[in-house]
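So this one's data-v9.cif, mmCIF, C-alpha atoms:
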data_final
#
loop_
_atom_site.label_atom_id
_atom_site.label_comp_id
_atom_site.auth_asym_id
_atom_site.auth_seq_id
_atom_site.Cartn_x
_atom_site.Cartn_y
_atom_site.Cartn_z
CA MET F 170 118.82 159.48 161.19
CA PHE F 171 115.60 160.34 162.95
CA GLU F 172 111.97 160.56 161.95
CA VAL F 173 110.02 163.82 162.20
CA ARG F 174 106.27 163.32 162.55
CA THR F 175 103.98 166.30 162.20
CA LEU F 176 100.22 166.75 162.43
CA ALA F 177 98.58 170.07 161.60
CA ARG F 178 95.00 170.96 162.43
CA HIS F 179 93.55 172.60 159.34
CA PRO F 180 90.34 172.14 157.28
CA MET F 181 92.30 172.10 153.96
CA GLU F 182 89.32 173.43 152.01
CA SER F 183 89.99 172.28 148.45
CA GLY F 184 88.14 175.00 146.52
CA VAL F 185 86.02 172.62 144.44
CA ARG F 186 83.27 172.01 146.98
CA PHE F 187 79.88 173.70 146.86
CA SER F 188 78.21 175.06 149.97
CA THR F 189 75.30 173.07 151.38
CA ASP F 190 72.73 175.03 149.34
CA ASN F 191 74.69 174.30 146.11
CA ILE F 192 75.04 177.95 145.15
CA VAL F 193 78.54 179.16 145.94
CA VAL F 194 81.86 177.37 145.74
CA ILE F 195 83.66 177.38 149.07
CA PRO F 196 86.94 179.23 148.39
CA ARG F 197 90.20 177.37 148.60
CA HIS F 198 91.97 177.55 151.94
CA ILE F 199 94.85 175.11 152.30
CA LEU F 200 98.33 174.89 153.72
CA GLN F 201 100.52 175.53 150.68
CA GLU F 202 103.92 174.79 152.04
CA VAL F 203 105.70 173.02 154.89
CA GLN F 204 109.34 173.82 155.61
CA ALA F 205 111.67 172.15 158.09
CA PHE F 206 114.74 173.84 159.54
CA TYR F 207 117.48 172.03 161.47
CA ASN F 208 119.73 174.53 163.24
CA ASP F 209 118.31 177.28 160.96
CA ARG F 210 119.24 175.36 157.83
CA GLN F 211 116.43 174.20 155.59
CA VAL F 212 116.41 170.41 155.39
CA PHE F 213 113.00 169.62 153.90
CA ARG F 214 110.28 171.36 151.96
CA ALA F 215 106.82 170.18 150.90
CA GLU F 216 104.44 171.91 148.50
CA TRP F 217 100.85 170.94 149.01
CA PHE F 218 97.86 171.34 146.70
CA SER F 219 94.09 170.86 146.92
CA SER F 220 94.07 167.08 147.32
CA VAL F 221 95.91 166.82 150.64
CA ALA F 222 93.60 165.45 153.35
CA SER F 223 92.26 167.67 156.10
CA ASN F 224 94.28 167.74 159.34
CA PRO F 225 97.33 166.74 157.29
CA TYR F 226 99.83 164.28 158.72
CA LEU F 227 103.38 164.29 157.39
CA SER F 228 106.48 162.41 158.40
CA PHE F 229 109.98 162.58 156.95
CA ARG F 230 113.57 161.69 157.88
CA VAL F 231 116.53 163.89 158.69
CA LYS F 232 120.12 162.82 159.30
CA ALA F 233 121.28 163.73 162.81
CA VAL F 234 124.35 165.96 162.70
CA ASP F 235 124.57 167.79 165.97
CA SER F 236 122.29 168.82 168.81
CA GLY F 237 120.04 171.74 168.15
CA GLU F 238 116.62 172.96 167.25
CA LEU F 239 114.33 171.41 164.66
CA LYS F 240 111.63 173.76 163.51
CA VAL F 241 108.71 173.04 161.18
CA VAL F 242 106.81 175.94 159.56
CA TRP F 243 103.40 175.66 157.87
CA ILE F 244 102.38 178.41 155.42
CA SER F 245 98.73 178.82 154.43
CA ASP F 246 97.08 180.32 151.33
CA TYR F 247 96.80 183.67 153.08
CA ASN F 248 100.46 183.60 154.11
CA VAL F 249 99.69 182.78 157.73
CA ARG F 250 102.72 181.08 159.23
CA THR F 251 102.56 178.64 162.13
CA SER F 252 105.56 176.85 163.50
CA ALA F 253 106.40 174.14 165.98
CA SER F 254 109.89 173.36 167.20
CA THR F 255 111.66 170.81 169.34
CA MET F 256 115.19 170.31 170.63
CA ILE F 257 117.24 167.47 169.19
CA GLU F 258 120.00 166.03 171.38
CA VAL F 259 122.64 163.95 169.66
CA VAL F 260 124.42 161.71 172.19
CA GLY F 261 126.59 159.20 170.34
CA PRO F 262 129.05 159.59 167.47
CA GLU F 263 127.92 158.80 163.95
CA PRO F 264 127.86 155.00 163.46
CA MET K 243 79.64 219.43 134.55
CA THR K 244 83.37 219.49 135.16
CA GLU K 245 83.29 215.80 136.06
CA ARG K 246 81.61 214.99 132.76
CA THR K 247 84.27 216.71 130.64
CA ALA K 248 87.02 214.95 132.61
CA GLY K 249 85.40 211.58 131.94
CA ARG K 250 85.18 212.20 128.20
CA ARG K 251 88.86 212.77 127.45
CA GLY K 252 90.83 209.82 126.10
CA ILE K 253 91.05 206.64 128.17
CA SER K 254 89.55 206.97 131.60
CA ARG K 255 91.16 205.47 134.67
CA ARG K 256 88.16 203.23 135.14
CA GLY K 257 88.57 201.93 131.60
CA VAL K 258 92.20 201.03 132.22
CA VAL K 259 91.36 199.22 135.45
CA THR K 260 88.47 197.30 133.87
CA GLY K 261 90.65 196.33 130.91
CA ALA K 262 93.44 195.09 133.18
CA LEU K 263 90.97 193.06 135.22
CA ALA K 264 89.46 191.56 132.09
CA LEU K 265 92.95 190.55 130.91
CA LEU K 266 93.67 188.94 134.27
CA ALA K 267 90.43 187.00 134.22
CA PHE K 268 90.67 185.84 130.60
CA PRO K 269 94.30 185.76 129.54
CA VAL K 270 94.91 184.83 125.92
CA VAL K 271 95.90 181.16 125.86
CA PRO K 272 95.17 178.49 123.27
CA ALA K 273 92.23 176.20 124.07
CA TRP K 274 94.31 173.06 124.67
CA ALA K 275 96.62 174.91 127.06
CA GLU K 276 93.72 176.35 128.98
CA GLY K 277 92.45 172.87 129.89
CA ILE K 278 95.87 171.97 131.31
CA ARG K 279 96.28 175.33 133.06
CA ASN K 280 92.94 174.98 134.84
CA ARG K 281 94.11 171.65 136.21
CA VAL K 282 97.24 173.11 137.81
CA SER K 283 96.45 173.89 141.41
CA MET K 284 99.09 176.61 141.53
CA PHE K 285 96.92 178.56 139.13
CA ARG K 286 94.87 179.63 142.10
CA ARG K 287 91.29 180.03 141.13
CA THR K 288 88.20 178.71 142.86
CA PHE K 289 85.89 176.99 140.43
CA PRO K 290 84.32 173.56 140.09
CA VAL K 291 86.30 171.59 137.50
CA GLN K 292 85.55 168.03 136.43
CA PRO K 293 88.35 165.46 136.65
CA ASP K 294 89.99 164.36 133.39
CA VAL K 295 92.52 161.52 133.35
CA ALA K 296 93.91 162.48 129.92
CA ASP K 297 94.77 165.99 131.13
CA ALA K 298 96.40 164.52 134.24
CA GLU K 299 98.62 162.28 132.08
CA VAL K 300 99.85 165.41 130.31
CA LEU K 301 100.87 166.90 133.67
CA VAL K 302 102.89 163.74 134.45
CA LYS K 303 104.56 163.99 131.01
CA ILE K 304 105.48 167.63 131.66
CA VAL K 305 107.27 166.62 134.86
CA LEU K 306 109.08 163.72 133.14
CA ARG K 307 110.35 166.08 130.38
CA GLY K 308 110.88 163.18 127.97
CA ARG K 309 113.28 161.30 130.24
CA GLU K 310 113.21 157.50 130.21
CA PRO K 311 112.14 156.40 133.74
CA VAL K 312 114.52 154.17 135.70
CA PRO K 313 112.80 150.98 136.96
CA ASP K 314 112.62 149.80 140.60
CA LEU K 315 113.57 153.04 142.28
CA ILE K 316 110.39 153.90 144.16
CA ALA K 317 108.85 151.75 146.89
CA LEU K 318 105.17 152.53 147.21
CA ASP K 319 102.91 151.53 150.10
CA LEU K 320 99.31 152.34 149.27
CA PRO K 321 96.03 150.50 149.91
CA LEU K 322 94.49 148.73 146.91
CA LEU K 323 90.99 149.48 148.14
CA ALA K 324 89.76 152.48 150.11
CA GLU K 325 86.27 152.64 151.59
CA ASN K 326 86.45 156.39 151.96
CA GLY K 327 88.34 158.79 149.72
CA ASP K 328 88.72 161.43 152.41
CA SER K 329 92.01 160.21 153.82
CA ILE K 330 94.17 157.65 152.05
CA PRO K 331 97.55 156.90 153.65
CA LEU K 332 100.60 156.92 151.38
CA THR K 333 104.10 155.84 152.35
CA PHE K 334 106.94 155.92 149.85
CA ASP K 335 110.67 155.41 149.86
CA ILE K 336 113.32 155.94 147.19
CA HIS K 337 115.99 153.24 146.88
CA CYS K 338 119.17 155.30 146.76
CA SER K 339 122.33 155.77 148.80
CA PHE K 340 122.15 159.55 149.47
CA GLU K 341 125.84 159.78 148.56
CA GLY K 342 127.24 161.94 145.80
CA ASP K 343 124.46 162.70 143.33
CA ASP K 344 122.36 159.70 144.29
CA TRP K 345 119.48 161.40 146.10
CA PRO K 346 116.04 162.52 145.02
CA LYS K 347 115.68 166.22 144.38
CA THR K 348 111.90 166.28 144.08
CA VAL K 349 109.15 163.69 144.40
CA HIS K 350 105.80 164.54 142.78
CA VAL K 351 102.56 162.83 143.82
CA PHE K 352 99.69 162.73 141.31
CA VAL K 353 96.17 161.33 141.60
CA LEU K 354 94.91 161.10 138.04
CA GLY K 355 91.18 161.05 138.89
CA ASN K 356 91.11 164.28 140.90
CA PRO K 357 90.07 167.69 139.54
CA PHE K 358 93.54 168.96 140.54
CA PRO K 359 95.72 165.91 139.86
CA GLU K 360 98.84 167.29 141.51
CA VAL K 361 98.73 166.38 145.20
CA ALA K 362 102.13 167.29 146.59
CA ARG K 363 105.79 167.93 145.82
CA TYR K 364 108.50 166.98 148.29
CA HIS K 365 112.00 168.42 148.10
CA TYR K 366 114.94 166.59 149.67
CA GLY K 367 118.66 167.03 150.01
CA PRO K 368 121.68 164.88 150.85
CA TRP K 369 121.13 165.82 154.52
CA ASN K 370 117.93 163.76 154.72
CA GLY K 371 119.63 160.36 154.68
CA SER K 372 116.37 158.67 153.65
CA ALA K 373 113.39 159.72 151.57
CA LEU K 374 110.89 157.67 153.59
CA THR K 375 107.84 159.94 153.76
CA GLU K 376 104.26 159.48 154.87
CA MET K 377 101.22 161.59 154.04
CA ARG K 378 97.46 161.36 153.58
CA PHE K 379 95.46 162.59 150.61
CA ARG K 380 91.94 162.69 149.16
CA MET K 381 90.59 160.84 146.12
CA ARG K 382 87.46 161.69 144.16
CA GLN K 383 87.10 158.35 142.33
CA THR K 384 88.84 155.08 141.48
CA SER K 385 91.99 155.94 139.56
CA ASP K 386 95.75 155.59 139.31
CA VAL K 387 98.15 157.18 141.79
CA VAL K 388 101.42 158.18 140.10
CA LEU K 389 104.68 159.10 141.82
CA VAL K 390 107.49 160.73 139.85
CA ALA K 391 110.93 161.04 141.45
CA GLU K 392 113.50 163.41 139.97
CA MET K 393 117.02 162.46 141.06
CA ALA K 394 119.85 164.93 141.54
CA ASP K 395 121.85 163.36 138.68
CA GLY K 396 118.99 163.94 136.23
CA ARG K 397 117.43 160.49 136.25
CA ALA K 398 113.70 160.13 136.73
CA ALA K 399 111.59 157.28 138.07
CA ILE K 400 107.89 156.61 137.99
CA ALA K 401 105.63 154.38 140.11
CA ARG K 402 101.97 153.77 139.45
CA GLN K 403 99.24 151.97 141.36
CA ASN K 404 95.49 151.79 140.97
CA VAL K 405 93.38 152.52 144.06
CA GLU K 406 89.73 151.55 144.15
CA VAL K 407 87.61 154.11 146.00
CA LEU K 408 84.14 153.09 147.17
CA LEU K 409 83.00 156.51 148.44
CA GLY K 410 84.87 159.42 146.91
CA ALA K 411 85.76 162.64 148.69
CA CYS K 412 83.81 165.61 147.42
CA GLY K 413 86.93 167.75 147.77
CA GLY K 414 90.27 167.12 146.13
#
Please render this file's structure as structure tokens.
Amino acid sequence: MFEVRTLARHPMESGVRFSTDNIVVIPRHILQEVQAFYNDRQVFRAEWFSSVASNPYLSFRVKAVDSGELKVVWISDYNVRTSASTMIEVVGPEP
Amino acid sequence: MTERTAGRRGISRRGVVTGALALLAFPVVPAWAEGIRNRVSMFRRTFPVQPDVADAEVLVKIVLRGREPVPDLIALDLPLLAENGDSIPLTFDIHCSFEGDDWPKTVHVFVLGNPFPEVARYHYGPWNGSALTEMRFRMRQTSDVVLVAEMADGRAAIARQNVEVLLGACGG
């Protein structure tokens, strides 16, 4: 089992804030979804809503099976996808 | 002249488009359901809405679907007092073996005092091995934080803790 720690840089505009002159509501712009793939198989999914803090930090656990790529994808309100990936190397047998 | 006669016959295209837009903006829903709908963040609309704890409790009930919650399943690590509501750390774990049907399918996080009470949903599988998860969220005011875990075998668990917020986030 290993821990995956992610930090995205995003304003996470919640859509309930007024602009500084109190006239218009700043439209919502958040990361809606985070998906994690381990060797192209989805192992974790998070749905996020307005209340998630800006520059969102997220950590979760995945069971190590075999060496390969772990890829995390962030999807924003406007369907912009950003991903980060790393190689996982499994050395010992399962305890 | 020709344009005028074209506009006069039957239902104009502009009329159809305006009607469809009006339906989209004001769909026919009963008044009590509209209050709940406006609190669901998935219903993506930008408007200032005031927090309502009673409406948030209804959202928690909808997720529970009448199931009796199992005690002592969720471990919650959350500060009792937060000076600033902009970023409150949350760590939770589900006490289960991750064997057979004993793993959490979905964990819902609610903050009852926020305009949109639903904060996040996390989906797991037997390949996770542990549901230990960390995140940070915003809080508008002092209120309860509620976690609902839905297990793969149909059980549900609930954990609740009050967090005192000295300076609330304007977002959330």
### Query
If you apply the PyMOL selection byres ((chain K) within 10 of (chain F)) to this file, what residues do you get, as a PyMOL selection string?
chain K and resi 282-284+286-292+327-333+348-353+356-382+411-414
### Query
Expressed in Å to a single decimal, how great is the separation between atom CA of K:Arg309 and atom CA of K:Glu341?
22.3 Å
### Task
Convert the output of the PyMOL selection byres ((chain F and resi 253-263) around 9) on the shown file into explicit residues, formatted as a list in words.
Tyr207, Ala233, Val234, Asp235, Ser236, Gly237, Glu238, Leu239, Lys240, Val241, Val242, Trp243, Thr251, Ser252 and Pro264 of chain F
Now that the selection is made, can you save its residues with C-alpha atoms as a tab-separated table (two decimals), in the frame of the given file?
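And here is the file that came out, selection_1.tsv:
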chain	number	residue	atom	x	y	z
F	207	TYR	CA	117.48	172.03	161.47
F	233	ALA	CA	121.28	163.73	162.81
F	234	VAL	CA	124.35	165.96	162.70
F	235	ASP	CA	124.57	167.79	165.97
F	236	SER	CA	122.29	168.82	168.81
F	237	GLY	CA	120.04	171.74	168.15
F	238	GLU	CA	116.62	172.96	167.25
F	239	LEU	CA	114.33	171.41	164.66
F	240	LYS	CA	111.63	173.76	163.51
F	241	VAL	CA	108.71	173.04	161.18
F	242	VAL	CA	106.81	175.94	159.56
F	243	TRP	CA	103.40	175.66	157.87
F	251	THR	CA	102.56	178.64	162.13
F	252	SER	CA	105.56	176.85	163.50
F	264	PRO	CA	127.86	155.00	163.46
### Query
What does the distance between atom CA of K:Ile336 and atom CA of F:Leu200 come to in Å, to one decimal place?
25.0 Å
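Taking atom CA of K:Leu306 and atom CA of K:Ala398 as endpoints, the distance between them is 6.9 Å.
Excluding K:Val295 itself and any same-chain residue fewer than 2 positions from it, the protein and nucleic acid residues within 10 Å of it, counting only C-alpha atoms, are Pro293, Asp297, Ala298, Glu299, Val300, Leu301, Val353, Leu354, Gly355, Asn356, Pro357, Pro359, Ser385 and Asp386 of chain K.
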### Task
Apply the PyMOL selection byres ((chain K and resi 319-323) around 8) to the file shown and report the selected residues as a PyMOL selection string.
chain K and resi 317-318+324-325+330-334+403-408
### Query
Near stretch 343-347 of chain K, within 6 Å and counting all atoms listed in the file, which residues show up once chain neighbours fewer than 5 positions away are dropped, as a ChimeraX atom specification?
/K:338,365-366,392-395
Since the input is missing atoms, can you rebuild N, CA and C atoms for stretch 191-210 of chain F and write them as a PDB file, in the frame of the given file?
ATOM      1  N   ASN F 191      74.292 174.494 147.516  1.00  0.00           N
ATOM      2  CA  ASN F 191      74.690 174.300 146.110  1.00  0.00           C
ATOM      3  C   ASN F 191      74.722 175.578 145.282  1.00  0.00           C
ATOM      4  N   ILE F 192      75.011 176.702 145.908  1.00  0.00           N
ATOM      5  CA  ILE F 192      75.040 177.950 145.150  1.00  0.00           C
ATOM      6  C   ILE F 192      76.461 178.460 144.979  1.00  0.00           C
ATOM      7  N   VAL F 193      77.188 178.610 146.054  1.00  0.00           N
ATOM      8  CA  VAL F 193      78.540 179.160 145.940  1.00  0.00           C
ATOM      9  C   VAL F 193      79.570 178.064 146.162  1.00  0.00           C
ATOM     10  N   VAL F 194      80.723 178.265 145.518  1.00  0.00           N
ATOM     11  CA  VAL F 194      81.860 177.370 145.740  1.00  0.00           C
ATOM     12  C   VAL F 194      82.603 177.889 146.967  1.00  0.00           C
ATOM     13  N   ILE F 195      82.901 176.986 147.887  1.00  0.00           N
ATOM     14  CA  ILE F 195      83.660 177.380 149.070  1.00  0.00           C
ATOM     15  C   ILE F 195      85.096 177.682 148.627  1.00  0.00           C
ATOM     16  N   PRO F 196      85.615 178.888 148.910  1.00  0.00           N
ATOM     17  CA  PRO F 196      86.940 179.230 148.390  1.00  0.00           C
ATOM     18  C   PRO F 196      88.043 178.353 148.981  1.00  0.00           C
ATOM     19  N   ARG F 197      89.096 178.223 148.177  1.00  0.00           N
ATOM     20  CA  ARG F 197      90.200 177.370 148.600  1.00  0.00           C
ATOM     21  C   ARG F 197      90.896 177.968 149.814  1.00  0.00           C
ATOM     22  N   HIS F 198      91.178 177.131 150.796  1.00  0.00           N
ATOM     23  CA  HIS F 198      91.970 177.550 151.940  1.00  0.00           C
ATOM     24  C   HIS F 198      92.780 176.347 152.403  1.00  0.00           C
ATOM     25  N   ILE F 199      94.022 176.273 151.967  1.00  0.00           N
ATOM     26  CA  ILE F 199      94.850 175.110 152.300  1.00  0.00           C
ATOM     27  C   ILE F 199      96.192 175.577 152.835  1.00  0.00           C
ATOM     28  N   LEU F 200      96.933 174.633 153.387  1.00  0.00           N
ATOM     29  CA  LEU F 200      98.330 174.890 153.720  1.00  0.00           C
ATOM     30  C   LEU F 200      99.128 174.632 152.457  1.00  0.00           C
ATOM     31  N   GLN F 201      99.817 175.662 151.963  1.00  0.00           N
ATOM     32  CA  GLN F 201     100.520 175.530 150.680  1.00  0.00           C
ATOM     33  C   GLN F 201     101.892 174.883 150.846  1.00  0.00           C
ATOM     34  N   GLU F 202     102.526 175.164 151.948  1.00  0.00           N
ATOM     35  CA  GLU F 202     103.920 174.790 152.040  1.00  0.00           C
ATOM     36  C   GLU F 202     104.293 174.397 153.463  1.00  0.00           C
ATOM     37  N   VAL F 203     105.151 173.418 153.595  1.00  0.00           N
ATOM     38  CA  VAL F 203     105.700 173.020 154.890  1.00  0.00           C
ATOM     39  C   VAL F 203     107.218 173.064 154.747  1.00  0.00           C
ATOM     40  N   GLN F 204     107.874 173.735 155.667  1.00  0.00           N
ATOM     41  CA  GLN F 204     109.340 173.820 155.610  1.00  0.00           C
ATOM     42  C   GLN F 204     109.893 173.320 156.933  1.00  0.00           C
ATOM     43  N   ALA F 205     111.029 172.635 156.869  1.00  0.00           N
ATOM     44  CA  ALA F 205     111.670 172.150 158.090  1.00  0.00           C
ATOM     45  C   ALA F 205     113.076 172.730 158.168  1.00  0.00           C
ATOM     46  N   PHE F 206     113.420 173.258 159.315  1.00  0.00           N
ATOM     47  CA  PHE F 206     114.740 173.840 159.540  1.00  0.00           C
ATOM     48  C   PHE F 206     115.427 173.102 160.686  1.00  0.00           C
ATOM     49  N   TYR F 207     116.677 172.716 160.459  1.00  0.00           N
ATOM     50  CA  TYR F 207     117.480 172.030 161.470  1.00  0.00           C
ATOM     51  C   TYR F 207     118.671 172.935 161.746  1.00  0.00           C
ATOM     52  N   ASN F 208     118.718 173.518 162.919  1.00  0.00           N
ATOM     53  CA  ASN F 208     119.730 174.530 163.240  1.00  0.00           C
ATOM     54  C   ASN F 208     119.724 175.650 162.205  1.00  0.00           C
ATOM     55  N   ASP F 209     118.522 176.170 161.890  1.00  0.00           N
ATOM     56  CA  ASP F 209     118.310 177.280 160.960  1.00  0.00           C
ATOM     57  C   ASP F 209     118.713 176.977 159.533  1.00  0.00           C
ATOM     58  N   ARG F 210     118.922 175.720 159.210  1.00  0.00           N
ATOM     59  CA  ARG F 210     119.240 175.360 157.830  1.00  0.00           C
ATOM     60  C   ARG F 210     118.076 174.537 157.293  1.00  0.00           C
TER      61      ARG F 210
END
